[in-house]
>>> print(open('structure-v1.pdb').read())   # PDB, C-alpha atoms, pLDDT in the B column
ATOM      1  CA  MET A1036     173.039 191.623 161.436  1.00 61.00           C
ATOM      2  CA  THR A1037     173.296 188.213 159.852  1.00 60.00           C
ATOM      3  CA  THR A1038     174.721 184.991 161.224  1.00 55.00           C
ATOM      4  CA  GLU A1039     177.883 185.698 159.226  1.00 61.00           C
ATOM      5  CA  THR A1040     178.455 188.978 161.050  1.00 67.00           C
ATOM      6  CA  ASN A1041     177.634 187.423 164.434  1.00 75.00           C
ATOM      7  CA  ASN A1042     180.514 184.954 164.006  1.00 87.00           C
ATOM      8  CA  ALA A1043     182.993 187.510 162.685  1.00 93.00           C
ATOM      9  CA  ARG A1044     185.965 188.818 164.597  1.00 93.00           C
ATOM     10  CA  TYR A1045     185.949 192.185 162.803  1.00 95.00           C
ATOM     11  CA  ILE A1046     182.773 193.976 161.672  1.00 95.00           C
ATOM     12  CA  ASP A1047     182.515 197.383 160.017  1.00 96.00           C
ATOM     13  CA  LEU A1048     180.138 199.395 157.866  1.00 96.00           C
ATOM     14  CA  HIS A1049     180.668 198.881 154.143  1.00 96.00           C
ATOM     15  CA  ILE A1050     181.898 202.156 152.654  1.00 93.00           C
ATOM     16  CA  ASN A1051     182.091 202.656 148.878  1.00 88.00           C
ATOM     17  CA  ASN A1052     183.041 205.949 147.224  1.00 82.00           C
ATOM     18  CA  GLY A1053     182.836 207.642 150.622  1.00 84.00           C
ATOM     19  CA  ASP A1054     179.237 206.573 151.291  1.00 92.00           C
ATOM     20  CA  VAL A1055     177.694 203.859 153.436  1.00 95.00           C
ATOM     21  CA  VAL A1056     176.386 201.050 151.222  1.00 95.00           C
ATOM     22  CA  LEU A1057     172.709 200.325 151.825  1.00 96.00           C
ATOM     23  CA  ASP A1058     170.768 197.141 151.132  1.00 95.00           C
ATOM     24  CA  ALA A1059     167.365 196.958 149.391  1.00 96.00           C
ATOM     25  CA  GLY A1060     165.623 198.001 152.628  1.00 96.00           C
ATOM     26  CA  ASN A1061     167.888 201.062 153.041  1.00 96.00           C
ATOM     27  CA  ASN A1062     169.729 199.444 155.935  1.00 96.00           C
ATOM     28  CA  PRO A1063     173.509 199.765 156.134  1.00 96.00           C
ATOM     29  CA  THR A1064     175.489 196.745 154.983  1.00 96.00           C
ATOM     30  CA  PHE A1065     178.446 195.352 156.862  1.00 96.00           C
ATOM     31  CA  LEU A1066     181.808 193.842 156.029  1.00 96.00           C
ATOM     32  CA  THR A1067     183.502 191.147 158.054  1.00 95.00           C
ATOM     33  CA  ASP A1068     187.013 189.965 158.799  1.00 95.00           C
ATOM     34  CA  ARG A1069     189.222 190.019 155.669  1.00 95.00           C
ATOM     35  CA  ASP A1070     187.023 192.572 153.887  1.00 96.00           C
ATOM     36  CA  VAL A1071     187.183 194.867 156.933  1.00 96.00           C
ATOM     37  CA  ILE A1072     190.979 194.677 156.913  1.00 96.00           C
ATOM     38  CA  ALA A1073     191.130 195.454 153.187  1.00 95.00           C
ATOM     39  CA  GLN A1074     188.791 198.437 153.613  1.00 94.00           C
ATOM     40  CA  ASP A1075     190.807 199.719 156.597  1.00 95.00           C
ATOM     41  CA  LEU A1076     194.049 199.497 154.622  1.00 95.00           C
ATOM     42  CA  VAL A1077     192.617 201.425 151.673  1.00 92.00           C
ATOM     43  CA  HIS A1078     191.240 204.112 153.975  1.00 92.00           C
ATOM     44  CA  ALA A1079     194.586 204.452 155.770  1.00 94.00           C
ATOM     45  CA  ILE A1080     196.466 204.809 152.458  1.00 92.00           C
ATOM     46  CA  ILE A1081     194.006 207.369 151.121  1.00 89.00           C
ATOM     47  CA  GLU A1082     193.912 209.356 154.372  1.00 91.00           C
ATOM     48  CA  ALA A1083     197.729 209.484 154.406  1.00 93.00           C
ATOM     49  CA  GLY A1084     197.616 211.014 150.914  1.00 90.00           C
ATOM     50  CA  LEU A1085     199.680 208.192 149.450  1.00 90.00           C
ATOM     51  CA  ALA A1086     197.071 207.021 146.930  1.00 86.00           C
ATOM     52  CA  ASN A1087     197.069 210.391 145.186  1.00 84.00           C
ATOM     53  CA  LEU A1088     200.869 210.468 145.089  1.00 84.00           C
ATOM     54  CA  LEU A1089     201.095 206.992 143.617  1.00 81.00           C
ATOM     55  CA  ILE A1090     198.350 207.359 141.039  1.00 76.00           C
ATOM     56  CA  SER A1091     199.296 210.856 139.916  1.00 75.00           C
ATOM     57  CA  ASP A1092     203.030 210.126 139.520  1.00 68.00           C
ATOM     58  CA  ARG A1093     203.949 210.144 135.855  1.00 63.00           C
ATOM     59  CA  GLY A1094     207.600 209.185 135.933  1.00 63.00           C
ATOM     60  CA  THR A1095     208.778 211.771 138.431  1.00 62.00           C
ATOM     61  CA  GLY A1096     210.669 209.153 140.405  1.00 67.00           C
ATOM     62  CA  VAL A1097     208.372 209.400 143.421  1.00 71.00           C
ATOM     63  CA  ASN A1098     206.841 205.968 142.794  1.00 82.00           C
ATOM     64  CA  ALA A1099     209.475 203.850 144.552  1.00 84.00           C
ATOM     65  CA  ASP A1100     209.391 206.074 147.644  1.00 88.00           C
ATOM     66  CA  THR A1101     205.586 206.099 147.705  1.00 90.00           C
ATOM     67  CA  GLN A1102     205.422 202.312 147.341  1.00 91.00           C
ATOM     68  CA  THR A1103     207.810 201.933 150.274  1.00 92.00           C
ATOM     69  CA  ARG A1104     205.733 204.326 152.376  1.00 94.00           C
ATOM     70  CA  ILE A1105     202.573 202.343 151.547  1.00 94.00           C
ATOM     71  CA  LYS A1106     204.274 199.065 152.488  1.00 96.00           C
ATOM     72  CA  LEU A1107     205.399 200.495 155.828  1.00 96.00           C
ATOM     73  CA  LEU A1108     201.938 201.918 156.533  1.00 96.00           C
ATOM     74  CA  VAL A1109     200.222 198.604 155.746  1.00 96.00           C
ATOM     75  CA  GLU A1110     202.743 196.639 157.818  1.00 96.00           C
ATOM     76  CA  ASP A1111     201.947 198.869 160.813  1.00 96.00           C
ATOM     77  CA  ASP A1112     198.538 197.170 160.986  1.00 96.00           C
ATOM     78  CA  ILE A1113     198.805 194.444 163.627  1.00 96.00           C
ATOM     79  CA  ARG A1114     196.555 192.171 161.537  1.00 97.00           C
ATOM     80  CA  ILE A1115     199.140 192.039 158.702  1.00 97.00           C
ATOM     81  CA  MET A1116     202.071 189.634 158.595  1.00 96.00           C
ATOM     82  CA  PRO A1117     205.262 191.714 158.234  1.00 94.00           C
ATOM     83  CA  GLY A1118     207.180 191.333 154.989  1.00 95.00           C
ATOM     84  CA  THR A1119     204.196 190.197 152.922  1.00 97.00           C
ATOM     85  CA  VAL A1120     203.000 193.519 151.488  1.00 97.00           C
ATOM     86  CA  THR A1121     203.231 194.105 147.739  1.00 95.00           C
ATOM     87  CA  VAL A1122     202.301 197.202 145.767  1.00 92.00           C
ATOM     88  CA  GLN A1123     201.997 196.620 142.015  1.00 89.00           C
ATOM     89  CA  GLU A1124     200.780 198.607 139.061  1.00 84.00           C
ATOM     90  CA  ASN A1125     198.424 196.852 136.671  1.00 80.00           C
ATOM     91  CA  ASP A1126     200.438 196.123 133.499  1.00 77.00           C
ATOM     92  CA  GLN A1127     197.302 196.302 131.350  1.00 81.00           C
ATOM     93  CA  ALA A1128     195.925 199.559 132.776  1.00 73.00           C
ATOM     94  CA  LYS A1129     198.549 202.072 133.873  1.00 71.00           C
ATOM     95  CA  GLY A1130     197.479 204.111 136.881  1.00 72.00           C
ATOM     96  CA  GLN A1131     195.654 201.193 138.511  1.00 80.00           C
ATOM     97  CA  TRP A1132     197.484 199.862 141.542  1.00 87.00           C
ATOM     98  CA  TRP A1133     196.975 196.778 143.691  1.00 92.00           C
ATOM     99  CA  VAL A1134     198.005 196.354 147.309  1.00 95.00           C
ATOM    100  CA  SER A1135     198.221 192.804 148.639  1.00 96.00           C
ATOM    101  CA  ALA A1136     199.272 191.421 152.003  1.00 97.00           C
ATOM    102  CA  GLN A1137     199.016 188.277 154.090  1.00 97.00           C
ATOM    103  CA  THR A1138     196.842 188.685 157.182  1.00 97.00           C
ATOM    104  CA  ILE A1139     197.641 186.862 160.397  1.00 95.00           C
ATOM    105  CA  GLU A1140     194.256 185.088 160.517  1.00 95.00           C
ATOM    106  CA  PHE A1141     192.365 185.414 157.243  1.00 96.00           C
ATOM    107  CA  GLY A1142     194.731 184.740 154.351  1.00 95.00           C
ATOM    108  CA  VAL A1143     195.622 187.207 151.627  1.00 97.00           C
ATOM    109  CA  VAL A1144     193.902 190.549 151.189  1.00 96.00           C
ATOM    110  CA  SER A1145     194.205 192.248 147.828  1.00 94.00           C
ATOM    111  CA  THR A1146     192.523 195.482 146.915  1.00 91.00           C
ATOM    112  CA  GLN A1147     192.633 198.012 144.119  1.00 88.00           C
ATOM    113  CA  LEU A1148     193.988 201.381 145.084  1.00 81.00           C
ATOM    114  CA  THR A1149     192.341 204.394 143.515  1.00 63.00           C
ATOM    115  CA  THR A1150     191.692 207.961 144.593  1.00 49.00           C
ATOM    116  CA  ILE A1151     188.095 206.854 145.200  1.00 45.00           C
ATOM    117  CA  VAL A1152     187.663 204.328 147.995  1.00 39.00           C
ATOM    118  CA  GLU A1153     186.966 200.829 146.656  1.00 44.00           C
ATOM    119  CA  ALA A1154     187.450 197.918 148.998  1.00 44.00           C
TER     120      ALA A1154
END
>>> encode(input="structure-v1.pdb", output="structure tokens")
Amino acid sequence: MTTETNNARYIDLHINNGDVVLDAGNNPTFLTDRDVIAQDLVHAIIEAGLANLLISDRGTGVNADTQTRIKLLVEDDIRIMPGTVTVQENDQAKGQWWVSAQTIEFGVVSTQLTTIVEA
């Protein structure tokens, strides 16, 4: 672990596309603080099945309900400031969604929501 991870409050393995990310020496890499929170939020949304609902909806009217469910799920995280969660579709690329929220300690987290984990 590096000095950065030694001073961090939250430390977790870096997961991308369902796999642990390795460095050049084939050692696992780590995320800290805000990045850990963002990764945890994405995993929670995907595990709840809400990412698939949101991304696959093509005007069936489920979007508003799914966005509300995502907001409530994200706000359940004690590291997130209630009332600050936004869920927005990318205007330029339909089907790409962004979830943003204000953390209690580390500022804003914003992450793309896809059916493949990217945080």
>>> residues_around(input="structure-v1.pdb", residues="Ile1080 of chain A", least_positions_apart="2", cutoff="12 Å", atoms="only C-alpha atoms", output="NGL selection string")
:A and (1073-1078 or 1082-1090 or 1101-1112 or 1122 or 1133-1134 or 1146-1154)
>>> closest_residue(input="structure-v1.pdb", among="A:Asn1098, A:Asn1062, A:Thr1119, A:Thr1067", to="Ala1043 of chain A", atoms="only C-alpha atoms")
A:Thr1067
>>> atom_distance(input="structure-v1.pdb", atom1="atom CA of Val1056 of chain A", atom2="atom CA of Thr1138 of chain A")
24.6 Å
>>> atom_distance(input="structure-v1.pdb", atom1="atom CA of Gln1123 of chain A", atom2="atom CA of Ile1072 of chain A")
18.6 Å
>>> atom_distance(input="structure-v1.pdb", atom1="atom CA of Asp1100 of chain A", atom2="atom CA of Pro1117 of chain A")
18.3 Å
>>> closest_residue(input="structure-v1.pdb", among="A:Val1097, A:Glu1124, A:Thr1064, A:Arg1069", to="Gly1142 of chain A", atoms="all atoms listed in the file")
A:Arg1069
>>> closest_residue(input="structure-v1.pdb", among="A:Ala1136, A:Val1055, A:Ile1113, A:Val1144", to="Asp1070 of chain A", atoms="only C-alpha atoms")
A:Val1144
>>> build_atoms(input="structure-v1.pdb", residues="segment 1110-1134 of chain A", atoms="N, CA and C atoms", output="compact mmCIF listing (two decimals), in the coordinates of the input")
# COMPACT_ATOMS: atom_id res chain seq x y z
N GLU A 1110 202.12 197.54 156.85
CA GLU A 1110 202.74 196.64 157.82
C GLU A 1110 202.57 197.11 159.25
N ASP A 1111 202.22 198.38 159.46
CA ASP A 1111 201.95 198.87 160.81
C ASP A 1111 200.66 198.30 161.39
N ASP A 1112 199.78 197.78 160.53
CA ASP A 1112 198.54 197.17 160.99
C ASP A 1112 198.87 195.83 161.64
N ILE A 1113 198.45 195.66 162.88
CA ILE A 1113 198.80 194.44 163.63
C ILE A 1113 198.18 193.18 163.04
N ARG A 1114 197.21 193.33 162.15
CA ARG A 1114 196.56 192.17 161.54
C ARG A 1114 197.30 191.66 160.30
N ILE A 1115 198.37 192.38 159.90
CA ILE A 1115 199.14 192.04 158.70
C ILE A 1115 200.45 191.39 159.09
N MET A 1116 200.81 190.32 158.38
CA MET A 1116 202.07 189.63 158.60
C MET A 1116 203.20 190.47 157.97
N PRO A 1117 204.17 190.89 158.76
CA PRO A 1117 205.26 191.71 158.23
C PRO A 1117 206.00 191.03 157.09
N GLY A 1118 206.40 191.84 156.12
CA GLY A 1118 207.18 191.33 154.99
C GLY A 1118 206.36 190.76 153.86
N THR A 1119 205.03 190.81 153.96
CA THR A 1119 204.20 190.20 152.92
C THR A 1119 203.50 191.21 152.02
N VAL A 1120 203.72 192.49 152.24
CA VAL A 1120 203.00 193.52 151.49
C VAL A 1120 203.63 193.72 150.11
N THR A 1121 202.78 193.76 149.09
CA THR A 1121 203.23 194.10 147.74
C THR A 1121 202.37 195.24 147.21
N VAL A 1122 203.00 196.11 146.43
CA VAL A 1122 202.30 197.20 145.77
C VAL A 1122 202.69 197.10 144.30
N GLN A 1123 201.71 196.85 143.43
CA GLN A 1123 202.00 196.62 142.01
C GLN A 1123 201.05 197.40 141.13
N GLU A 1124 201.61 197.94 140.05
CA GLU A 1124 200.78 198.61 139.06
C GLU A 1124 200.27 197.57 138.07
N ASN A 1125 199.03 197.72 137.67
CA ASN A 1125 198.42 196.85 136.67
C ASN A 1125 199.13 197.06 135.33
N ASP A 1126 199.72 196.02 134.77
CA ASP A 1126 200.44 196.12 133.50
C ASP A 1126 199.51 196.49 132.35
N GLN A 1127 198.26 196.07 132.43
CA GLN A 1127 197.30 196.30 131.35
C GLN A 1127 196.66 197.69 131.41
N ALA A 1128 196.59 198.26 132.61
CA ALA A 1128 195.92 199.56 132.78
C ALA A 1128 196.79 200.43 133.69
N LYS A 1129 197.66 201.21 133.10
CA LYS A 1129 198.55 202.07 133.87
C LYS A 1129 197.72 203.02 134.73
N GLY A 1130 198.20 203.25 135.94
CA GLY A 1130 197.48 204.11 136.88
C GLY A 1130 196.59 203.34 137.84
N GLN A 1131 196.40 202.05 137.58
CA GLN A 1131 195.65 201.19 138.51
C GLN A 1131 196.67 200.41 139.33
N TRP A 1132 196.54 200.49 140.63
CA TRP A 1132 197.48 199.86 141.54
C TRP A 1132 196.77 198.86 142.43
N TRP A 1133 197.49 197.81 142.79
CA TRP A 1133 196.98 196.78 143.69
C TRP A 1133 197.89 196.67 144.89
N VAL A 1134 197.27 196.58 146.07
CA VAL A 1134 198.00 196.35 147.31
C VAL A 1134 197.55 195.01 147.84
